[in-house]
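See below for the structure under consideration.
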Amino acid sequence: MTITQLLRVALLCGAAPLIVAVPAAAQDQPAPSGTPADEGSDSEAIVVTGSRIQRPDYEAPNPIVSFDAAKLQESGNTNVTEFLRRVPALTNSLDNSRTAGNSQTEASIGSAGLNLLDLRGLGTNRTLVLVNGRRHVASQFDTAAVDINAIPTDLIERVDVLTGAASAVYGADGVSGVVNFVLRRDFDGIAARGQVGISDQGDAGNRFASIIAGRNFADGRANVTLGYEYNAEDPLANDDRAFLRSENRFNFVNVDNYDPTRPGSYQQGPVADIRYAASSPAGLVYIGDQVFRGDGAIYTPGRQLQNDGYTLGGDDTQVAGYIGDIFPRTERHAVNLLTRFDASDAFKLTIEGKFVQAEARTFGSYSGTYPSTIQLDNPFIPATILAAARANGDSAVYISRNNFDFPRRGEDDRRRTYRGVIDATGRLSDHASYDIYYTYGRTDVRATKLNDRLVANFVASVDAVRDASGAIVCRSAAARAAGCVPINTFGANAAAGNTGAFDYFLTDPVSNARVEQHVANASLTGDFGQFFELPGGAIQFAVGGEYRRESSRFRPDAGLATQAYYSVDDGIYDEPVVQTPSSGSFDVWEAFGELNAPLLKERPFAYLLSVGAAGRYSDYSTIGSTRAYQFNGIYAPVEDVSFRGSYGRSVRAPNIAEIFRPTTGFADFISDPCYLGQRNQGTQYREANCQALISAAGGNPATFNDINNPDRDVNIPGSQRGNALLRPEVARTWTAGVVLRPRFVPRLQIALDWYDIRLKDAISQASPSTIAALCVDQPTTDNPFCDTISRRQGTGYINGFIVQPENVAAFRTAGLEGNVSYNFDAGSLGRFDVRLVGGYLHKLEQLATPGAEVENNVDRPFRPKYNLTFSPTWAFGPITLAYNLRWQNGVRRFSRFATDNNPTFVDPRYFRFKELWQHDVQAQITTSDGFTFYGGVNNLADQKPDIGFETNVPISPVGRFLYFGAKVNLGR
């Protein structure tokens with residue numbers, strides 16, 4: 001079959017739009033760690049993730065789940081994080097859909113489009129990301145979080161996900177485990193791949209291309225490989241999906257006429273087209289006891305829900321109009337250089353270099369005005385409002401408004417990552433080898449806020465008058481000289497198209513940040529075989545030392561530092577928010593060691609018995625010394641069955657922001673847990689604590705609700721800061737598992753592992769709303785959270801907050817993971833490769849502060865109780881067919897605090913989101929001239945998110961996604 005015929009077949013089959021270009025040199029991929037690579041591989045010693053000691057992969061004592069490059073390509077995902085979320089331990093990871101739109105605030109500047117891994121649901125800051133077993137520079141300033149976009153997709157050979165006490169081997173941050181990206185090496189030739197994809201609604205397009213060129217020389221002792229990769233993704237806005245638009249999107253609110261004694265009556269129910277009370281895109285003007293719409297008509301308020309702050313209908317602002325992007329626009333370029341030279345067995349030099357530029361642009365909320373002061377000689381004031389103001393004796397009118405006719409607020413972030421590695425290794429003897437390397441990494445972040453309003457210019461622009469000729473101009477002569485153009489904010493769309501005014505008061509302030517990392521490491525590995533051996537072989541060892549320095553600095557735009565702009569969501573009375581410059585650094589000296597003692601091998605009832613230990617001592621410039629350790633063992637009574645387990649202590653040192661962040665102002669919406677409609681949605685202590693706090697502030701608990709709050713629907717100003725008194729987090733982890741490799745079914749492996757992680761002294765910085773809830777959900781209000789929330793005297797409503805990290809939390813998670821892999825040759829029927837990875841989440845508990853109620857987060861969005869991925873592949877000659885099923889149980893919509901002991905909280909039909917059933921298929925065909933063409937469909941059944949305000953539970957709103965690609969491999 002010719003290439004032309006292949007293309008015709010692909011088009012007739014409805015493949016995605018075709019672009020032939022392409023990356024990925026196909027090499028023989030090693031099997032996942034813990035899976036035999038091929039017959040006889042058991043004798044090959046490799047370095048497995050989680051240890052510096054070389055051993056056969058089936059002797060790894062810690063549970064490791066691996067996916068190779070073939071599985072990544074078969075998924076059709078060019079976003080590696082999206083692919084890795086199929087791993088049960090990584091379902092809570094942050095992909096593009098969770099770092100776009102309204103997730104962008106002043107507090108999260110520079111985070112648009114970040115892809116961050118969250119292992120075990122314990123947080124991105126507790127997941128250690130490695131590349132070839134080495135640390136990688138962070139991508140977000142003040143943190144240790146690595147953007148997975150900085151790792152080239154087509155240079156990935158495999159990804160290992162390790163659970164266990166990893167701090168003893170790799171140092172801090174691996175509290176929940178390690179994700180190690182193993183990259184390709186020794187490529188000789190040229191390979192290219194290209195892929196394009198688009199949703200079946202004609203949007204959310206994706207373009208990917210890469211090329212790899214490598215050359216072996218010096219009789220194979222040296223190699224140079226250069227790779228380039230490009231990836232671009234189109235944005236997806238909330239209103240691009242009809243089921244997410246305001247009129248169709250359902251949110252769960254406290255419904256009217258709730259009566260717990262009446263059968264069929266439930267407190268919460270789904271309501272469409274909810275709105276913010278006393279807020280309107282047309283503007284809202286109060287004059288005496290009259291309420292006008294901005295265009296002069298009498299304001300028609302929506303129907304106020306009796307027990308909730310939302311309204312329905314009327315002139316109020318639609319809530320869903322504020323959602324913004326679901327996915328950002330992204331573009332990524334990556335260049336990687338890999339070289340090696342083996343001078344001799346005693347000296348082998350490797351040099352690596354990379355440059356990655358990732359850009360993400362996303363738009364979120366519209367701005368708001370709460371309120372603007374307008375003098376009565378302003379010609380834009382409608383006649384009805386002007387007459388009412390004069391009759392009331394007012395000298396000005398005050399208009400509050402949601403500016404839906406202004407350009408949306410947004411952020412455009414560019415991250416440039418530079419990384420270099422120089423590594424010298426060699427054999428000192430038959431029993432000892434050395435490894436010395438130095439790594440330098442740097443990330444430069446340029447964060448551009450889009451369409452920020454200059455306070456002075458906006459005030460000048462809305463202050464309009466008529467000049468002597470009758471023309472409408474800005475009142476201030478100085479402002480006119482500076483280019484001021486008047487703007488009309490009375491009425492919906494009154495300002496639409498006024499580009500002159502927008503150019504005058506809208507601007508794009510640019511802030512910059514830099515993160516740097518230096519790591520120097522020297523280690524010695526080997527065994528004591530020249531001195532003695534145990535019955536199972538020689539004792540293996542690894543010892544070494546490491547120096548690491550991390551630094552971060554942030555330099556905000558001068559206007560952000562001097563309150564020249566309004567905040568992202570325009571805080572109370574348009575209060576500007578200040579961004580403070582910050583910087584911080586720390587260094588750490590470490591010593592580490594490992595031992596593995598093979599006690600027995602190939603004996604009756606002891607095919608293998610080995611025990612091991614690892615330890616690390618660290619001395620930080622910020623927190624002093626820490627200690628981490630691990631003990632492990634593996635026992636195989638027969639070759640077919642292995643039992644493995646580990647126990648260890650891991651630590652996480654506070655990151656730069658947690659210690660060094662200066663006091664910085666920002667504003668946030670706060671949902672007060674003491675509102676009448678929310679007092680039964682917390683712990684047993686909430687009601688009494690709320691009454692005490694409100695009464696102490698002079699308020700009335702009986703009438704304390706969102707409707708009566710004069711500051712509802714606006715941001716509350718507050719501040720955040722670091723905490724120099726933080727201590728390291730400490731985790732205790734144990735794992736126990738069994739691996740079955742039955743000889744009567746060659747190439748079948750079944751692994752089952754239980755894990756249990758207990759974290760104490762956890763560093764926690766909650767959102768203002770969460771802090772307000774934690775304050776009243778404790779046994780008493782004498783707790784650290786109540787100390788950071790202030791309430792207005794006379795009413796009791798929240799009017800300020802301070803957020804800072806504290807060593808107050810504790811976490812525990814436990815569960816079971818299964819990993820089944822089986823591949824076999826069926827002769828004339830082809831070759832089959834079947835993979836099943838599943839997880840059972842038994843516990844995911846958080847203790848906010850000592851003495852608090854334990855919060856059980858199992859079965860919540862992105863943390864399902866049960867999930868699995870089933871991935872069979874069939875290869876028949878030049879044709880390969882791949883199928884992937886991703887399933888998870890329907891997770892709970894509401895916290896257990898709200899639903900426990902409250903059977904009438906919500907109709908059982910809505911207690912859970914629907915299950916996830918995602919079906920992905922791919923077909924590929926390889927020609928005799930080295931070309932491979934493939935096409936596929938992700939979310940074949942076009943499953944949509946369930947109703948509710950979440951946009952991506954249980955599945956992305958993109959819907960059915962089609963893609964087509966081609967690759968060529970001229971390597972050897």
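Ordered as shown in the structure tokens, chains take letters A, B, and onward, while each chain numbers its residues from 1 and ligands are numbered from 1 in the order shown.
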All residues 8 Å or closer to A:Tyr620, only C-alpha atoms, same chain fewer than 2 positions away omitted, as a ChimeraX atom specification:
/A:586-589,618,622-626
Within 8 Å of stretch 92-97 of chain A, counting only C-alpha atoms, which residues show up once you throw out same-chain ones fewer than 3 positions away? Write them as a PDB file with N, CA and C atoms, in the first residue's frame, please.
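What landed in result-v5.pdb:
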ATOM      1  N   THR A  81       1.167  15.882  31.623  1.00  0.00           N
ATOM      2  CA  THR A  81       0.400  15.856  32.869  1.00  0.00           C
ATOM      3  C   THR A  81      -0.972  15.248  32.650  1.00  0.00           C
ATOM      4  N   GLU A  82      -1.618  15.607  31.555  1.00  0.00           N
ATOM      5  CA  GLU A  82      -2.925  15.038  31.251  1.00  0.00           C
ATOM      6  C   GLU A  82      -2.824  13.515  31.115  1.00  0.00           C
ATOM      7  N   ARG A  85      -2.349  11.783  34.648  1.00  0.00           N
ATOM      8  CA  ARG A  85      -3.505  11.767  35.553  1.00  0.00           C
ATOM      9  C   ARG A  85      -4.252  10.444  35.501  1.00  0.00           C
ATOM     10  N   ALA A  89      -2.313   7.466  41.539  1.00  0.00           N
ATOM     11  CA  ALA A  89      -1.675   8.342  42.523  1.00  0.00           C
ATOM     12  C   ALA A  89      -1.616   9.790  42.074  1.00  0.00           C
ATOM     13  N   ALA A 100      -6.068  28.120  34.689  1.00  0.00           N
ATOM     14  CA  ALA A 100      -6.548  29.056  33.668  1.00  0.00           C
ATOM     15  C   ALA A 100      -7.725  29.838  34.217  1.00  0.00           C
ATOM     16  N   GLY A 113      -1.142  28.454  33.046  1.00  0.00           N
ATOM     17  CA  GLY A 113      -0.696  27.347  32.223  1.00  0.00           C
ATOM     18  C   GLY A 113       0.262  26.380  32.875  1.00  0.00           C
ATOM     19  N   LEU A 114       0.564  26.539  34.157  1.00  0.00           N
ATOM     20  CA  LEU A 114       1.458  25.595  34.818  1.00  0.00           C
ATOM     21  C   LEU A 114       0.829  24.205  34.861  1.00  0.00           C
ATOM     22  N   ASN A 115       1.660  23.187  34.712  1.00  0.00           N
ATOM     23  CA  ASN A 115       1.242  21.802  34.870  1.00  0.00           C
ATOM     24  C   ASN A 115       2.065  21.201  36.002  1.00  0.00           C
ATOM     25  N   LEU A 116       1.409  20.897  37.120  1.00  0.00           N
ATOM     26  CA  LEU A 116       2.104  20.480  38.331  1.00  0.00           C
ATOM     27  C   LEU A 116       1.556  19.138  38.805  1.00  0.00           C
ATOM     28  N   LEU A 117       2.446  18.244  39.185  1.00  0.00           N
ATOM     29  CA  LEU A 117       2.048  16.925  39.639  1.00  0.00           C
ATOM     30  C   LEU A 117       1.749  16.935  41.135  1.00  0.00           C
ATOM     31  N   ASP A 118       0.671  16.260  41.495  1.00  0.00           N
ATOM     32  CA  ASP A 118       0.257  16.129  42.896  1.00  0.00           C
ATOM     33  C   ASP A 118       0.121  14.648  43.200  1.00  0.00           C
ATOM     34  N   LEU A 119       1.105  14.112  43.878  1.00  0.00           N
ATOM     35  CA  LEU A 119       1.153  12.688  44.170  1.00  0.00           C
ATOM     36  C   LEU A 119       0.411  12.393  45.465  1.00  0.00           C
ATOM     37  N   ARG A 120      -0.545  11.492  45.388  1.00  0.00           N
ATOM     38  CA  ARG A 120      -1.330  11.054  46.548  1.00  0.00           C
ATOM     39  C   ARG A 120      -2.271  12.117  47.092  1.00  0.00           C
ATOM     40  N   GLY A 121      -2.472  13.210  46.386  1.00  0.00           N
ATOM     41  CA  GLY A 121      -3.386  14.235  46.867  1.00  0.00           C
ATOM     42  C   GLY A 121      -2.860  15.015  48.048  1.00  0.00           C
ATOM     43  N   THR A 124       1.107  19.659  45.501  1.00  0.00           N
ATOM     44  CA  THR A 124       2.210  19.726  44.534  1.00  0.00           C
ATOM     45  C   THR A 124       3.545  20.010  45.210  1.00  0.00           C
ATOM     46  N   ILE A 326     -11.511  28.093  30.221  1.00  0.00           N
ATOM     47  CA  ILE A 326     -11.366  26.758  30.795  1.00  0.00           C
ATOM     48  C   ILE A 326      -9.970  26.227  30.514  1.00  0.00           C
ATOM     49  N   PHE A 327      -9.451  26.529  29.324  1.00  0.00           N
ATOM     50  CA  PHE A 327      -8.081  26.200  28.965  1.00  0.00           C
ATOM     51  C   PHE A 327      -7.394  27.460  28.452  1.00  0.00           C
ATOM     52  N   PRO A 328      -6.125  27.652  28.773  1.00  0.00           N
ATOM     53  CA  PRO A 328      -5.409  28.816  28.256  1.00  0.00           C
ATOM     54  C   PRO A 328      -4.871  28.557  26.853  1.00  0.00           C
ATOM     55  N   PHE A 862     -11.421  14.764  41.957  1.00  0.00           N
ATOM     56  CA  PHE A 862     -10.012  14.501  41.656  1.00  0.00           C
ATOM     57  C   PHE A 862      -9.349  13.559  42.663  1.00  0.00           C
ATOM     58  N   ARG A 863     -10.138  13.041  43.625  1.00  0.00           N
ATOM     59  CA  ARG A 863      -9.581  12.074  44.586  1.00  0.00           C
ATOM     60  C   ARG A 863     -10.578  10.923  44.757  1.00  0.00           C
ATOM     61  N   ASN A 952     -14.927  20.567  35.151  1.00  0.00           N
ATOM     62  CA  ASN A 952     -14.167  19.417  34.665  1.00  0.00           C
ATOM     63  C   ASN A 952     -14.328  18.174  35.540  1.00  0.00           C
ATOM     64  N   SER A 956     -13.069  16.468  31.287  1.00  0.00           N
ATOM     65  CA  SER A 956     -12.850  17.763  30.652  1.00  0.00           C
ATOM     66  C   SER A 956     -14.029  18.135  29.760  1.00  0.00           C
TER      67      SER A 956
END
Using only C-alpha atoms, which residues sit within 12 Å of A:Gly677 once same-chain residues fewer than 3 positions away are excluded, as a PyMOL selection string?
chain A and resi 253-256+258+267-268+305-310+671-674+680-682+687+701-707+898+905
Could those residues be written to a file, using C-alpha atoms, as a PDB file, in the first residue's frame?
ATOM      1  CA  VAL A 253     -27.666  26.474  46.358  1.00  0.00           C
ATOM      2  CA  ASN A 254     -29.840  26.561  49.435  1.00  0.00           C
ATOM      3  CA  VAL A 255     -33.342  26.308  47.990  1.00  0.00           C
ATOM      4  CA  ASP A 256     -36.458  28.091  49.213  1.00  0.00           C
ATOM      5  CA  TYR A 258     -36.804  23.878  52.798  1.00  0.00           C
ATOM      6  CA  GLN A 267     -31.792  21.969  51.627  1.00  0.00           C
ATOM      7  CA  GLN A 268     -29.590  22.057  48.512  1.00  0.00           C
ATOM      8  CA  LEU A 305     -33.191  33.049  47.425  1.00  0.00           C
ATOM      9  CA  GLN A 306     -34.393  32.926  51.004  1.00  0.00           C
ATOM     10  CA  ASN A 307     -31.394  31.087  52.448  1.00  0.00           C
ATOM     11  CA  ASP A 308     -28.638  31.929  50.016  1.00  0.00           C
ATOM     12  CA  GLY A 309     -26.906  35.016  48.700  1.00  0.00           C
ATOM     13  CA  TYR A 310     -27.754  34.328  45.064  1.00  0.00           C
ATOM     14  CA  SER A 671     -18.037  32.979  51.872  1.00  0.00           C
ATOM     15  CA  ASP A 672     -18.774  33.482  55.560  1.00  0.00           C
ATOM     16  CA  PRO A 673     -19.456  30.129  57.260  1.00  0.00           C
ATOM     17  CA  CYS A 674     -21.548  31.980  59.850  1.00  0.00           C
ATOM     18  CA  ASN A 680     -25.171  23.460  59.354  1.00  0.00           C
ATOM     19  CA  GLN A 681     -22.542  22.736  56.677  1.00  0.00           C
ATOM     20  CA  GLY A 682     -19.604  22.412  59.063  1.00  0.00           C
ATOM     21  CA  GLU A 687     -23.231  26.977  65.223  1.00  0.00           C
ATOM     22  CA  PRO A 701     -26.824  36.006  64.970  1.00  0.00           C
ATOM     23  CA  ALA A 702     -30.531  35.586  64.137  1.00  0.00           C
ATOM     24  CA  THR A 703     -30.381  37.941  61.115  1.00  0.00           C
ATOM     25  CA  PHE A 704     -26.790  37.276  60.081  1.00  0.00           C
ATOM     26  CA  ASN A 705     -26.932  36.328  56.416  1.00  0.00           C
ATOM     27  CA  ASP A 706     -25.508  37.210  53.045  1.00  0.00           C
ATOM     28  CA  ILE A 707     -28.518  39.353  52.152  1.00  0.00           C
ATOM     29  CA  ALA A 898     -22.217  19.012  55.346  1.00  0.00           C
ATOM     30  CA  PHE A 905     -29.178  17.988  52.786  1.00  0.00           C
TER      31      PHE A 905
END
Using only C-alpha atoms, which residues sit within 12 Å of A:Thr489 once same-chain residues fewer than 2 positions away are excluded, as JSON, numbers by chain?
{"A": [280, 281, 282, 283, 284, 285, 293, 294, 295, 296, 368, 369, 371, 372, 373, 374, 378, 379, 380, 381, 382, 398, 399, 400, 401, 402, 403, 404, 405, 406, 458, 459, 461, 462, 463, 464, 486, 487, 491, 492, 493, 494, 495, 496, 498, 501]}
Can you write just those residues out, N, CA and C atoms, as a compact mmCIF listing (two decimals), in the first residue's frame?
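What ended up in selection_32.txt:
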# COMPACT_ATOMS: atom_id res chain seq x y z
N SER A 280 -24.86 44.41 38.64
CA SER A 280 -25.43 44.39 37.29
C SER A 280 -24.45 44.93 36.26
N PRO A 281 -24.40 44.32 35.06
CA PRO A 281 -23.60 44.88 33.97
C PRO A 281 -24.15 46.23 33.48
N ALA A 282 -25.41 46.52 33.77
CA ALA A 282 -25.99 47.80 33.36
C ALA A 282 -25.71 48.90 34.37
N GLY A 283 -25.21 48.52 35.54
CA GLY A 283 -24.97 49.50 36.59
C GLY A 283 -26.11 49.53 37.58
N LEU A 284 -25.80 49.98 38.78
CA LEU A 284 -26.77 50.01 39.87
C LEU A 284 -26.57 51.32 40.64
N VAL A 285 -27.63 52.11 40.76
CA VAL A 285 -27.55 53.42 41.41
C VAL A 285 -28.63 53.51 42.48
N ARG A 293 -31.44 51.28 37.43
CA ARG A 293 -30.46 50.64 36.56
C ARG A 293 -29.62 51.75 35.94
N GLY A 294 -28.43 51.42 35.51
CA GLY A 294 -27.52 52.46 35.02
C GLY A 294 -28.06 53.26 33.86
N ASP A 295 -28.94 52.65 33.05
CA ASP A 295 -29.48 53.37 31.90
C ASP A 295 -30.66 54.24 32.25
N GLY A 296 -31.01 54.33 33.56
CA GLY A 296 -32.08 55.21 34.00
C GLY A 296 -33.37 54.50 34.31
N GLY A 368 -14.89 45.19 37.80
CA GLY A 368 -16.09 45.75 38.41
C GLY A 368 -15.79 47.08 39.07
N THR A 369 -16.83 47.88 39.27
CA THR A 369 -16.72 49.18 39.90
C THR A 369 -17.67 49.23 41.08
N PRO A 371 -18.18 51.60 44.37
CA PRO A 371 -18.80 52.21 43.19
C PRO A 371 -17.86 53.28 42.64
N SER A 372 -18.31 53.95 41.57
CA SER A 372 -17.65 55.15 41.07
C SER A 372 -18.48 56.37 41.48
N THR A 373 -17.78 57.43 41.86
CA THR A 373 -18.46 58.67 42.23
C THR A 373 -18.60 59.55 40.99
N ILE A 374 -19.83 59.93 40.66
CA ILE A 374 -20.09 60.70 39.45
C ILE A 374 -20.76 62.03 39.84
N ASN A 378 -22.06 65.51 35.07
CA ASN A 378 -21.59 64.52 34.11
C ASN A 378 -22.68 64.29 33.06
N PRO A 379 -22.39 64.52 31.78
CA PRO A 379 -23.44 64.44 30.75
C PRO A 379 -23.93 63.02 30.47
N PHE A 380 -23.25 62.02 30.98
CA PHE A 380 -23.69 60.63 30.74
C PHE A 380 -24.79 60.20 31.70
N ILE A 381 -25.05 60.96 32.75
CA ILE A 381 -26.07 60.56 33.71
C ILE A 381 -27.45 60.63 33.03
N PRO A 382 -28.20 59.53 33.03
CA PRO A 382 -29.55 59.57 32.44
C PRO A 382 -30.44 60.58 33.17
N TYR A 398 -23.65 57.55 42.80
CA TYR A 398 -22.67 56.48 42.97
C TYR A 398 -23.16 55.25 42.22
N ILE A 399 -22.39 54.85 41.22
CA ILE A 399 -22.80 53.73 40.39
C ILE A 399 -21.85 52.55 40.60
N SER A 400 -22.45 51.41 40.94
CA SER A 400 -21.72 50.14 41.00
C SER A 400 -22.05 49.37 39.73
N ARG A 401 -21.04 48.67 39.23
CA ARG A 401 -21.23 48.10 37.90
C ARG A 401 -20.27 46.95 37.65
N ASN A 402 -20.72 45.90 36.96
CA ASN A 402 -19.85 44.86 36.44
C ASN A 402 -19.55 45.20 34.99
N ASN A 403 -18.30 45.41 34.70
CA ASN A 403 -17.91 45.99 33.40
C ASN A 403 -17.78 44.93 32.31
N PHE A 404 -18.91 44.37 31.90
CA PHE A 404 -18.87 43.34 30.88
C PHE A 404 -18.56 43.91 29.50
N ASP A 405 -18.60 45.21 29.36
CA ASP A 405 -18.25 45.82 28.07
C ASP A 405 -16.79 46.28 28.04
N PHE A 406 -16.03 46.04 29.10
CA PHE A 406 -14.59 46.28 29.11
C PHE A 406 -13.89 44.98 28.67
N PHE A 458 -8.53 55.87 35.28
CA PHE A 458 -9.93 55.48 35.23
C PHE A 458 -10.81 56.52 35.92
N VAL A 459 -10.36 57.00 37.06
CA VAL A 459 -11.13 58.03 37.77
C VAL A 459 -11.28 59.27 36.89
N SER A 461 -11.23 59.34 33.61
CA SER A 461 -12.04 59.04 32.43
C SER A 461 -13.53 59.03 32.73
N VAL A 462 -13.93 58.55 33.92
CA VAL A 462 -15.36 58.53 34.23
C VAL A 462 -15.85 59.91 34.69
N ASP A 463 -14.93 60.82 35.02
CA ASP A 463 -15.31 62.16 35.46
C ASP A 463 -15.43 63.06 34.23
N ALA A 464 -16.57 62.96 33.54
CA ALA A 464 -16.75 63.67 32.28
C ALA A 464 -17.60 64.92 32.46
N PRO A 486 -13.17 60.39 27.71
CA PRO A 486 -14.27 60.10 28.65
C PRO A 486 -14.95 58.78 28.30
N ILE A 487 -15.51 58.15 29.34
CA ILE A 487 -16.19 56.89 29.13
C ILE A 487 -17.52 56.90 29.85
N GLY A 491 -25.40 52.02 31.92
CA GLY A 491 -26.12 51.13 31.02
C GLY A 491 -25.24 50.01 30.50
N ALA A 492 -25.88 48.87 30.20
CA ALA A 492 -25.15 47.74 29.65
C ALA A 492 -24.59 48.10 28.28
N ASN A 493 -23.34 47.73 28.06
CA ASN A 493 -22.65 47.98 26.79
C ASN A 493 -22.49 49.45 26.46
N ALA A 494 -22.64 50.33 27.46
CA ALA A 494 -22.50 51.76 27.19
C ALA A 494 -21.07 52.11 26.81
N ALA A 495 -20.11 51.33 27.29
CA ALA A 495 -18.69 51.63 27.01
C ALA A 495 -18.14 50.79 25.88
N ALA A 496 -18.95 49.93 25.30
CA ALA A 496 -18.45 49.01 24.28
C ALA A 496 -17.85 49.77 23.11
N ASN A 498 -15.27 51.72 22.99
CA ASN A 498 -14.58 52.98 23.28
C ASN A 498 -13.09 52.70 23.44
N ALA A 501 -10.79 55.35 25.24
CA ALA A 501 -10.78 55.33 26.70
C ALA A 501 -10.04 54.11 27.23
With a distance cut-off of 9 Å and only C-alpha atoms, select the neighbouring residues of A:Tyr170, excluding the residue or stretch itself and same-chain residues fewer than 6 positions from it, and output the selection as a PyMOL selection string.
chain A and resi 50-51+128+133-135+178+592+616
Selection export as a PDB file, in the first residue's frame, atoms kept: N, CA and C atoms:
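So the final result, stored in out_6.pdb, reads:
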ATOM      1  N   GLY A  50      14.353   5.365  43.035  1.00  0.00           N
ATOM      2  CA  GLY A  50      14.216   5.151  44.472  1.00  0.00           C
ATOM      3  C   GLY A  50      15.455   4.592  45.127  1.00  0.00           C
ATOM      4  N   SER A  51      16.518   4.364  44.332  1.00  0.00           N
ATOM      5  CA  SER A  51      17.749   3.819  44.896  1.00  0.00           C
ATOM      6  C   SER A  51      18.919   4.193  44.001  1.00  0.00           C
ATOM      7  N   LEU A 128       8.119  15.247  44.601  1.00  0.00           N
ATOM      8  CA  LEU A 128       9.457  15.502  44.081  1.00  0.00           C
ATOM      9  C   LEU A 128       9.534  15.024  42.634  1.00  0.00           C
ATOM     10  N   GLY A 133      16.837  10.961  37.557  1.00  0.00           N
ATOM     11  CA  GLY A 133      17.252  10.808  38.944  1.00  0.00           C
ATOM     12  C   GLY A 133      17.835  12.047  39.577  1.00  0.00           C
ATOM     13  N   ARG A 134      17.795  13.192  38.872  1.00  0.00           N
ATOM     14  CA  ARG A 134      18.353  14.432  39.413  1.00  0.00           C
ATOM     15  C   ARG A 134      17.242  15.475  39.548  1.00  0.00           C
ATOM     16  N   ARG A 135      17.430  16.369  40.480  1.00  0.00           N
ATOM     17  CA  ARG A 135      16.467  17.445  40.683  1.00  0.00           C
ATOM     18  C   ARG A 135      16.408  18.361  39.472  1.00  0.00           C
ATOM     19  N   VAL A 178       8.002  10.128  44.538  1.00  0.00           N
ATOM     20  CA  VAL A 178       8.837  10.700  43.485  1.00  0.00           C
ATOM     21  C   VAL A 178       8.243  10.363  42.128  1.00  0.00           C
ATOM     22  N   PHE A 592      24.599  11.178  52.558  1.00  0.00           N
ATOM     23  CA  PHE A 592      23.624  10.098  52.416  1.00  0.00           C
ATOM     24  C   PHE A 592      24.348   8.761  52.222  1.00  0.00           C
ATOM     25  N   ARG A 616      19.866   9.837  55.350  1.00  0.00           N
ATOM     26  CA  ARG A 616      20.368  11.131  54.861  1.00  0.00           C
ATOM     27  C   ARG A 616      20.336  12.137  56.001  1.00  0.00           C
TER      28      ARG A 616
END
Give me the residues within 6 Å of stretch 234-244 of chain A as an MDAnalysis selection string, counting only C-alpha atoms and dropping any in the same chain fewer than 3 places off.
chainID A and resid 204:205 248:249 324:329
I want to know what sits within 10 Å of stretch 856-858 of chain A, based on only C-alpha atoms, with residues of the same chain fewer than 2 positions away left out; could you give that as a list in words?
Gly121, Phe811, Arg812, Thr813, Tyr840, Leu841, His842, Lys843, Leu844, Glu845, Gln846, Leu847, Glu853, Val854, Arg860, Pro861, Phe862, Arg863, Pro864, Lys865, Tyr866, Val891, Arg892, Ser895, Arg896 and Phe897 of chain A
